[in-house]
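Down below is the structure, laid out as structure tokens.
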2 protein chains.
Amino acid sequence: MAEQVSGPEIQRLIQLLARLPGLGPRSARRAALHLIRKREELLGPLSDAMQVARDKIVTCSACGNVDTSDPCIICCDGRRDPAVLIVVETVGDLWALERAAALRVRYHVLGGTLSPLDGVGPKDLNLASLVDRVANGGVREVILAVNATVDGQTTAHYVTDLLAHLDVRITRLAHGVPVGGELDYLDDGTLAAALRQRTDF
Amino acid sequence: MAEQVSGPEIQRLIQLLARLPGLGPRSARRAALHLIRKREELLGPLSDAMQVARDKIVTCSACGNVDTSDPCIICCDGRRDPAVLIVVETVGDLWALERAAALRVRYHVLGGTLSPLDGVGPKDLNLASLVDRVANGGVREVILAVNATVDGQTTAHYVTDLLAHLDVRITRLAHGVPVGGELDYLDDGTLAAALRQRTDF
């Protein structure tokens with residue numbers, strides 16, 4: 001701002017809000033004003049919720065999910081099939097797959113993908129713990145649910161090699177037409193994959 | 001979410017973030033994950049900044065701006081011309097005008113517009129304090145910087161009537177072509193106003 005219209009406290013709140021994904025400087029100002037207006041209903045509770053998150057959230061030592069307990073709520077859930085592990089890049093991917101609610105199994109969060117250009121090597125990912133989990137037995141299938149990007153696929157191949165000596169089935173997500181998607185808008189690679197992996201009607 | 005993927009603390013954080021303007025459920029989830037990942041750099045400082053905002057921010061008893069001091073930093077600024085008051089609907093409008101940095105004067109925040117349909121009457125706005133400020137002398141001009149909406153213009157007329165018996169010049173923002181705007185995309189009303197209020201080149 002050209003001039004100071006309020007003390008540094010409000011400026012700082014706006015600057016920090018602007019660092020959230022999805023908020024720019026303008027929407028951060030709007031969010032700050034909204035918070036100040038709704039002090040009792042929103043600013044207070046959100047501030048408290050952040051304090052709790054800061055103090056309590058830990059990374060699950062088994063799967064890499066974030067939760068307030070370790071092991072996390074998913075690893076503790078006895079109704080989930082412990083014989084199937086879904087390998088994901090990030091906790092956000094884990095959440096997305098859980099929303100799909102297709103399989104009641106467990107996860108393993110790698111924490112990223114192999115990316116030599118960005119200096120991310122095997123040691124930077126939760127790969128050793130994945131091999132341990134599978135080697136310790138009881139895992140029948142590992143589903144590689146990494147992104148369909150170059151880095152994601154490189155990582156998938158690397159994980160496959162790591163687990164090759166173990167007696168475990170390794171699968172990956174199907175490629176195909178998104179549900180509700182229109183063929184005309186799809187790229188050639190997806191269409192080709194959808195044709196190759198066609199299923200009986 | 002179909003299944004619980006973490007304890008209630010993270011769910012609550014997401015729900016509260018989703019109530020910020022500009023964030024929906026999906027971007028709130030992304031923001032929560034971003035905060036959890038950047039615990040030291042962002043979650044902690046933002047949580048602290050919110051705590052400070054909750055504890056310290058007050059409404060300026062003179063002009064209605066929000067700040068950590070009362071009177072606010074603008075009302076305390078001796079380099080501003082005290083003889084001109086800009087009347088705005090909200091603190092957000094005050095911030096916007098300050099960014100324009102065209103006039104170094106003071107403000108009066110009404111806190112909304114007259115809106116009989118929404119049950120907002122004159123008593124719900126900071127109108128009495130505006131009349132007091134002008135009646136107490138020293139104010140030469142009141143600039144009505146309300147929105148160019150029906151409610152905004154109704155409010156402008158009401159304020160004009162309120163101040164009619166006082167010796168003060170009442171002005172309003174110019175209508176015209178936005179800087180950088182293209183004529184072809186402008187509505188007829190704006191173009192007509194821009195023609196009527198044309199200035200010498």
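Letters for chains follow the order of the structure tokens (A, B, ...), residue numbers begin at 1 for each chain, and ligand numbers begin at 1 in the order shown.
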Counting only C-alpha atoms, chain A residues within 8 Å of chain B, as a PyMOL selection string
chain A and resi 1-7+9-10+12-13+16-17+19-23+27+29-31+33-36+39+42-54+57+66-69+72-74+91-92+95+98-101
So which residues touch Ala174 (chain A) within 10 Å, counting only C-alpha atoms, skipping near sequence neighbours fewer than 6 positions away, as a list in words?
Ala145, Ala193, Ala194 and Gln197 of chain A
Any chance you could export the current selection's C-alpha atoms as a PDB file, in the first residue's frame?
```pdb
ATOM      1  CA  ALA A 145      -1.101 -44.292  -7.464  1.00  0.00           C
ATOM      2  CA  ALA A 193      -4.647 -45.796 -23.484  1.00  0.00           C
ATOM      3  CA  ALA A 194      -8.418 -45.945 -23.086  1.00  0.00           C
ATOM      4  CA  GLN A 197      -7.243 -50.920 -21.894  1.00  0.00           C
TER       5      GLN A 197
END
```
Give the helix (DSSP H, G or I) residues of chain B, as assigned by DSSP on the backbone, as a PyMOL selection string.
chain B and resi 8-17+25-37+39-56+91-100+116-118+122-124+128-135+150-162+183-185+188-196
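Separating CA of Cys60 (chain A) from CA of Gln153 (chain A) is a distance of 25.0 Å.
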Would you kindly return, as a short mmCIF file (atom, residue, chain, number, x, y, z; two decimals) with C-alpha atoms, in the first residue's frame, each protein, DNA or RNA residue with an atom no farther than 6 Å from any atom of Val105 (chain A), considering only C-alpha atoms and excluding same-chain residues fewer than 4 positions away?
```cif
data_model
loop_
_atom_site.label_atom_id
_atom_site.label_comp_id
_atom_site.auth_asym_id
_atom_site.auth_seq_id
_atom_site.Cartn_x
_atom_site.Cartn_y
_atom_site.Cartn_z
CA ARG A 80 -9.10 -51.85 6.45
CA ASP A 81 -7.41 -54.62 4.47
CA VAL A 84 -3.05 -53.85 0.07
#
```
Can you pull out the residues contacting Val142 (chain A)? Cut-off 10 Å, using only C-alpha atoms, and skip same-chain residues under 5 positions away; I want them as a PDB file with all heavy atoms, in the first residue's frame.
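Output file part.pdb is given in full below:
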```
ATOM      1  N   ALA A  83      -3.506 -55.992   3.612  1.00  0.00           N
ATOM      2  CA  ALA A  83      -2.723 -56.700   2.592  1.00  0.00           C
ATOM      3  C   ALA A  83      -2.531 -55.866   1.331  1.00  0.00           C
ATOM      4  O   ALA A  83      -1.825 -56.280   0.418  1.00  0.00           O
ATOM      5  CB  ALA A  83      -3.395 -58.021   2.244  1.00  0.00           C
ATOM      6  N   VAL A  84      -3.178 -54.702   1.257  1.00  0.00           N
ATOM      7  CA  VAL A  84      -3.052 -53.851   0.072  1.00  0.00           C
ATOM      8  C   VAL A  84      -2.539 -52.478   0.494  1.00  0.00           C
ATOM      9  O   VAL A  84      -3.084 -51.860   1.407  1.00  0.00           O
ATOM     10  CB  VAL A  84      -4.406 -53.709  -0.663  1.00  0.00           C
ATOM     11  CG1 VAL A  84      -4.241 -52.812  -1.883  1.00  0.00           C
ATOM     12  CG2 VAL A  84      -4.954 -55.065  -1.060  1.00  0.00           C
ATOM     13  N   LEU A  85      -1.475 -52.013  -0.151  1.00  0.00           N
ATOM     14  CA  LEU A  85      -0.922 -50.675   0.117  1.00  0.00           C
ATOM     15  C   LEU A  85      -1.074 -49.830  -1.140  1.00  0.00           C
ATOM     16  O   LEU A  85      -0.720 -50.275  -2.235  1.00  0.00           O
ATOM     17  CB  LEU A  85       0.564 -50.760   0.447  1.00  0.00           C
ATOM     18  CG  LEU A  85       1.000 -51.208   1.831  1.00  0.00           C
ATOM     19  CD1 LEU A  85       2.516 -51.024   1.954  1.00  0.00           C
ATOM     20  CD2 LEU A  85       0.290 -50.414   2.903  1.00  0.00           C
ATOM     21  N   ILE A  86      -1.581 -48.619  -0.986  1.00  0.00           N
ATOM     22  CA  ILE A  86      -1.606 -47.681  -2.106  1.00  0.00           C
ATOM     23  C   ILE A  86      -0.466 -46.689  -1.910  1.00  0.00           C
ATOM     24  O   ILE A  86      -0.414 -45.993  -0.893  1.00  0.00           O
ATOM     25  CB  ILE A  86      -2.949 -46.927  -2.188  1.00  0.00           C
ATOM     26  CG1 ILE A  86      -4.110 -47.914  -2.322  1.00  0.00           C
ATOM     27  CG2 ILE A  86      -2.933 -45.960  -3.362  1.00  0.00           C
ATOM     28  CD1 ILE A  86      -5.468 -47.239  -2.490  1.00  0.00           C
ATOM     29  N   VAL A  87       0.448 -46.641  -2.866  1.00  0.00           N
ATOM     30  CA  VAL A  87       1.596 -45.729  -2.782  1.00  0.00           C
ATOM     31  C   VAL A  87       1.217 -44.411  -3.458  1.00  0.00           C
ATOM     32  O   VAL A  87       0.833 -44.396  -4.629  1.00  0.00           O
ATOM     33  CB  VAL A  87       2.834 -46.338  -3.460  1.00  0.00           C
ATOM     34  CG1 VAL A  87       3.968 -45.324  -3.539  1.00  0.00           C
ATOM     35  CG2 VAL A  87       3.282 -47.580  -2.698  1.00  0.00           C
ATOM     36  N   ARG A 106      -4.766 -49.537   3.115  1.00  0.00           N
ATOM     37  CA  ARG A 106      -3.837 -48.581   3.730  1.00  0.00           C
ATOM     38  C   ARG A 106      -2.989 -47.902   2.671  1.00  0.00           C
ATOM     39  O   ARG A 106      -3.023 -48.265   1.501  1.00  0.00           O
ATOM     40  CB  ARG A 106      -2.968 -49.314   4.752  1.00  0.00           C
ATOM     41  CG  ARG A 106      -3.870 -49.935   5.822  1.00  0.00           C
ATOM     42  CD  ARG A 106      -3.249 -49.991   7.171  1.00  0.00           C
ATOM     43  NE  ARG A 106      -4.278 -50.416   8.131  1.00  0.00           N
ATOM     44  CZ  ARG A 106      -4.133 -51.429   8.987  1.00  0.00           C
ATOM     45  NH1 ARG A 106      -3.005 -52.086   9.053  1.00  0.00           N
ATOM     46  NH2 ARG A 106      -5.115 -51.745   9.802  1.00  0.00           N
ATOM     47  N   TYR A 107      -2.201 -46.917   3.115  1.00  0.00           N
ATOM     48  CA  TYR A 107      -1.447 -46.083   2.182  1.00  0.00           C
ATOM     49  C   TYR A 107       0.026 -46.056   2.540  1.00  0.00           C
ATOM     50  O   TYR A 107       0.427 -46.439   3.642  1.00  0.00           O
ATOM     51  CB  TYR A 107      -1.979 -44.645   2.206  1.00  0.00           C
ATOM     52  CG  TYR A 107      -3.369 -44.538   1.652  1.00  0.00           C
ATOM     53  CD1 TYR A 107      -4.478 -44.754   2.465  1.00  0.00           C
ATOM     54  CD2 TYR A 107      -3.578 -44.251   0.310  1.00  0.00           C
ATOM     55  CE1 TYR A 107      -5.763 -44.690   1.956  1.00  0.00           C
ATOM     56  CE2 TYR A 107      -4.854 -44.181  -0.203  1.00  0.00           C
ATOM     57  CZ  TYR A 107      -5.934 -44.393   0.627  1.00  0.00           C
ATOM     58  OH  TYR A 107      -7.201 -44.341   0.104  1.00  0.00           O
ATOM     59  N   HIS A 108       0.816 -45.545   1.594  1.00  0.00           N
ATOM     60  CA  HIS A 108       2.202 -45.207   1.895  1.00  0.00           C
ATOM     61  C   HIS A 108       2.532 -43.921   1.147  1.00  0.00           C
ATOM     62  O   HIS A 108       2.491 -43.883  -0.088  1.00  0.00           O
ATOM     63  CB  HIS A 108       3.149 -46.336   1.476  1.00  0.00           C
ATOM     64  CG  HIS A 108       4.511 -46.183   2.066  1.00  0.00           C
ATOM     65  ND1 HIS A 108       4.824 -46.647   3.325  1.00  0.00           N
ATOM     66  CD2 HIS A 108       5.623 -45.560   1.612  1.00  0.00           C
ATOM     67  CE1 HIS A 108       6.082 -46.338   3.612  1.00  0.00           C
ATOM     68  NE2 HIS A 108       6.584 -45.671   2.582  1.00  0.00           N
ATOM     69  N   LEU A 130       8.956 -48.178   2.866  1.00  0.00           N
ATOM     70  CA  LEU A 130       8.030 -48.943   2.027  1.00  0.00           C
ATOM     71  C   LEU A 130       8.548 -50.367   1.835  1.00  0.00           C
ATOM     72  O   LEU A 130       7.799 -51.339   1.999  1.00  0.00           O
ATOM     73  CB  LEU A 130       7.862 -48.251   0.674  1.00  0.00           C
ATOM     74  CG  LEU A 130       7.034 -49.017  -0.370  1.00  0.00           C
ATOM     75  CD1 LEU A 130       5.608 -49.216   0.111  1.00  0.00           C
ATOM     76  CD2 LEU A 130       7.050 -48.292  -1.708  1.00  0.00           C
ATOM     77  N   VAL A 134       6.764 -53.915   3.143  1.00  0.00           N
ATOM     78  CA  VAL A 134       6.433 -55.042   2.261  1.00  0.00           C
ATOM     79  C   VAL A 134       7.240 -56.282   2.671  1.00  0.00           C
ATOM     80  O   VAL A 134       6.701 -57.396   2.712  1.00  0.00           O
ATOM     81  CB  VAL A 134       6.693 -54.662   0.789  1.00  0.00           C
ATOM     82  CG1 VAL A 134       6.427 -55.844  -0.126  1.00  0.00           C
ATOM     83  CG2 VAL A 134       5.822 -53.477   0.394  1.00  0.00           C
ATOM     84  N   VAL A 159      10.224 -47.701  -7.852  1.00  0.00           N
ATOM     85  CA  VAL A 159       9.603 -48.472  -6.773  1.00  0.00           C
ATOM     86  C   VAL A 159       9.436 -49.925  -7.203  1.00  0.00           C
ATOM     87  O   VAL A 159       9.674 -50.857  -6.423  1.00  0.00           O
ATOM     88  CB  VAL A 159       8.239 -47.851  -6.387  1.00  0.00           C
ATOM     89  CG1 VAL A 159       7.489 -48.753  -5.422  1.00  0.00           C
ATOM     90  CG2 VAL A 159       8.441 -46.474  -5.768  1.00  0.00           C
ATOM     91  N   THR A 160       9.038 -50.125  -8.454  1.00  0.00           N
ATOM     92  CA  THR A 160       8.862 -51.487  -8.971  1.00  0.00           C
ATOM     93  C   THR A 160      10.175 -52.265  -8.871  1.00  0.00           C
ATOM     94  O   THR A 160      10.186 -53.427  -8.433  1.00  0.00           O
ATOM     95  CB  THR A 160       8.405 -51.430 -10.435  1.00  0.00           C
ATOM     96  OG1 THR A 160       7.267 -50.565 -10.518  1.00  0.00           O
ATOM     97  CG2 THR A 160       8.025 -52.815 -10.943  1.00  0.00           C
ATOM     98  N   LEU A 163      10.991 -53.289  -5.293  1.00  0.00           N
ATOM     99  CA  LEU A 163      10.159 -54.339  -4.706  1.00  0.00           C
ATOM    100  C   LEU A 163      10.230 -55.639  -5.497  1.00  0.00           C
ATOM    101  O   LEU A 163       9.574 -56.624  -5.151  1.00  0.00           O
ATOM    102  CB  LEU A 163       8.700 -53.871  -4.632  1.00  0.00           C
ATOM    103  CG  LEU A 163       8.425 -52.614  -3.801  1.00  0.00           C
ATOM    104  CD1 LEU A 163       6.958 -52.224  -3.883  1.00  0.00           C
ATOM    105  CD2 LEU A 163       8.829 -52.824  -2.340  1.00  0.00           C
ATOM    106  N   VAL A 168       5.259 -59.784  -4.126  1.00  0.00           N
ATOM    107  CA  VAL A 168       4.133 -58.861  -4.015  1.00  0.00           C
ATOM    108  C   VAL A 168       3.679 -58.474  -5.427  1.00  0.00           C
ATOM    109  O   VAL A 168       4.493 -58.316  -6.345  1.00  0.00           O
ATOM    110  CB  VAL A 168       4.525 -57.617  -3.187  1.00  0.00           C
ATOM    111  CG1 VAL A 168       5.614 -56.821  -3.877  1.00  0.00           C
ATOM    112  CG2 VAL A 168       3.319 -56.748  -2.897  1.00  0.00           C
ATOM    113  N   ARG A 169       2.375 -58.370  -5.606  1.00  0.00           N
ATOM    114  CA  ARG A 169       1.833 -57.947  -6.898  1.00  0.00           C
ATOM    115  C   ARG A 169       1.884 -56.426  -6.961  1.00  0.00           C
ATOM    116  O   ARG A 169       1.474 -55.752  -6.011  1.00  0.00           O
ATOM    117  CB  ARG A 169       0.393 -58.437  -7.011  1.00  0.00           C
ATOM    118  CG  ARG A 169      -0.269 -58.086  -8.317  1.00  0.00           C
ATOM    119  CD  ARG A 169      -1.700 -58.599  -8.348  1.00  0.00           C
ATOM    120  NE  ARG A 169      -2.389 -58.063  -9.531  1.00  0.00           N
ATOM    121  CZ  ARG A 169      -3.674 -57.810  -9.599  1.00  0.00           C
ATOM    122  NH1 ARG A 169      -4.445 -58.048  -8.549  1.00  0.00           N
ATOM    123  NH2 ARG A 169      -4.207 -57.330 -10.700  1.00  0.00           N
ATOM    124  N   ILE A 170       2.407 -55.889  -8.053  1.00  0.00           N
ATOM    125  CA  ILE A 170       2.485 -54.428  -8.193  1.00  0.00           C
ATOM    126  C   ILE A 170       1.544 -53.991  -9.306  1.00  0.00           C
ATOM    127  O   ILE A 170       1.625 -54.488 -10.433  1.00  0.00           O
ATOM    128  CB  ILE A 170       3.924 -53.976  -8.482  1.00  0.00           C
ATOM    129  CG1 ILE A 170       4.819 -54.383  -7.302  1.00  0.00           C
ATOM    130  CG2 ILE A 170       3.986 -52.469  -8.691  1.00  0.00           C
ATOM    131  CD1 ILE A 170       6.275 -54.039  -7.494  1.00  0.00           C
ATOM    132  N   THR A 171       0.621 -53.105  -8.992  1.00  0.00           N
ATOM    133  CA  THR A 171      -0.349 -52.640  -9.984  1.00  0.00           C
ATOM    134  C   THR A 171      -0.285 -51.118 -10.064  1.00  0.00           C
ATOM    135  O   THR A 171       0.351 -50.465  -9.234  1.00  0.00           O
ATOM    136  CB  THR A 171      -1.783 -53.053  -9.582  1.00  0.00           C
ATOM    137  OG1 THR A 171      -2.036 -52.548  -8.270  1.00  0.00           O
ATOM    138  CG2 THR A 171      -1.945 -54.551  -9.592  1.00  0.00           C
ATOM    139  N   ARG A 172      -0.932 -50.570 -11.083  1.00  0.00           N
ATOM    140  CA  ARG A 172      -0.992 -49.107 -11.153  1.00  0.00           C
ATOM    141  C   ARG A 172      -2.402 -48.701 -11.561  1.00  0.00           C
ATOM    142  O   ARG A 172      -3.191 -49.526 -12.034  1.00  0.00           O
ATOM    143  CB  ARG A 172       0.031 -48.562 -12.137  1.00  0.00           C
ATOM    144  CG  ARG A 172      -0.204 -49.011 -13.561  1.00  0.00           C
ATOM    145  CD  ARG A 172       0.676 -48.229 -14.533  1.00  0.00           C
ATOM    146  NE  ARG A 172       0.402 -48.626 -15.896  1.00  0.00           N
ATOM    147  CZ  ARG A 172       0.956 -48.047 -16.960  1.00  0.00           C
ATOM    148  NH1 ARG A 172       1.809 -47.055 -16.802  1.00  0.00           N
ATOM    149  NH2 ARG A 172       0.650 -48.446 -18.178  1.00  0.00           N
TER     150      ARG A 172
END
```
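If you count only C-alpha atoms and ignore residues fewer than 5 places along the chain from Asp188 (chain B), what sits within 12 Å of it is His175, Gly176, Val177, Leu183, Ala193, Ala194 and Leu195 of chain B.
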Spatial neighbours of Gly111 (chain A), 9 Å, only C-alpha atoms, chain gap at least 6 places, as number ranges by chain:
A: 64, 88-91, 124-126
Mind the document's chain letters and residue numbers, and return as a list of chain:residue names the residues of region 2-174 of chain A that DSSP labels strand (DSSP E or B).
A:Val58, A:Thr59, A:Val66, A:Asp67, A:Asp81, A:Pro82, A:Ala83, A:Val84, A:Leu85, A:Ile86, A:Val87, A:Val88, A:Val105, A:Arg106, A:Tyr107, A:His108, A:Val109, A:Ser115, A:Val120, A:Glu141, A:Val142, A:Ile143, A:Leu144, A:Arg169, A:Ile170, A:Thr171, A:Arg172
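Distances from A:Val150, A:Leu117, A:Leu166, A:Leu110 to Gly137 (chain A) were compared using only C-alpha atoms, and the smallest one belongs to A:Leu166.
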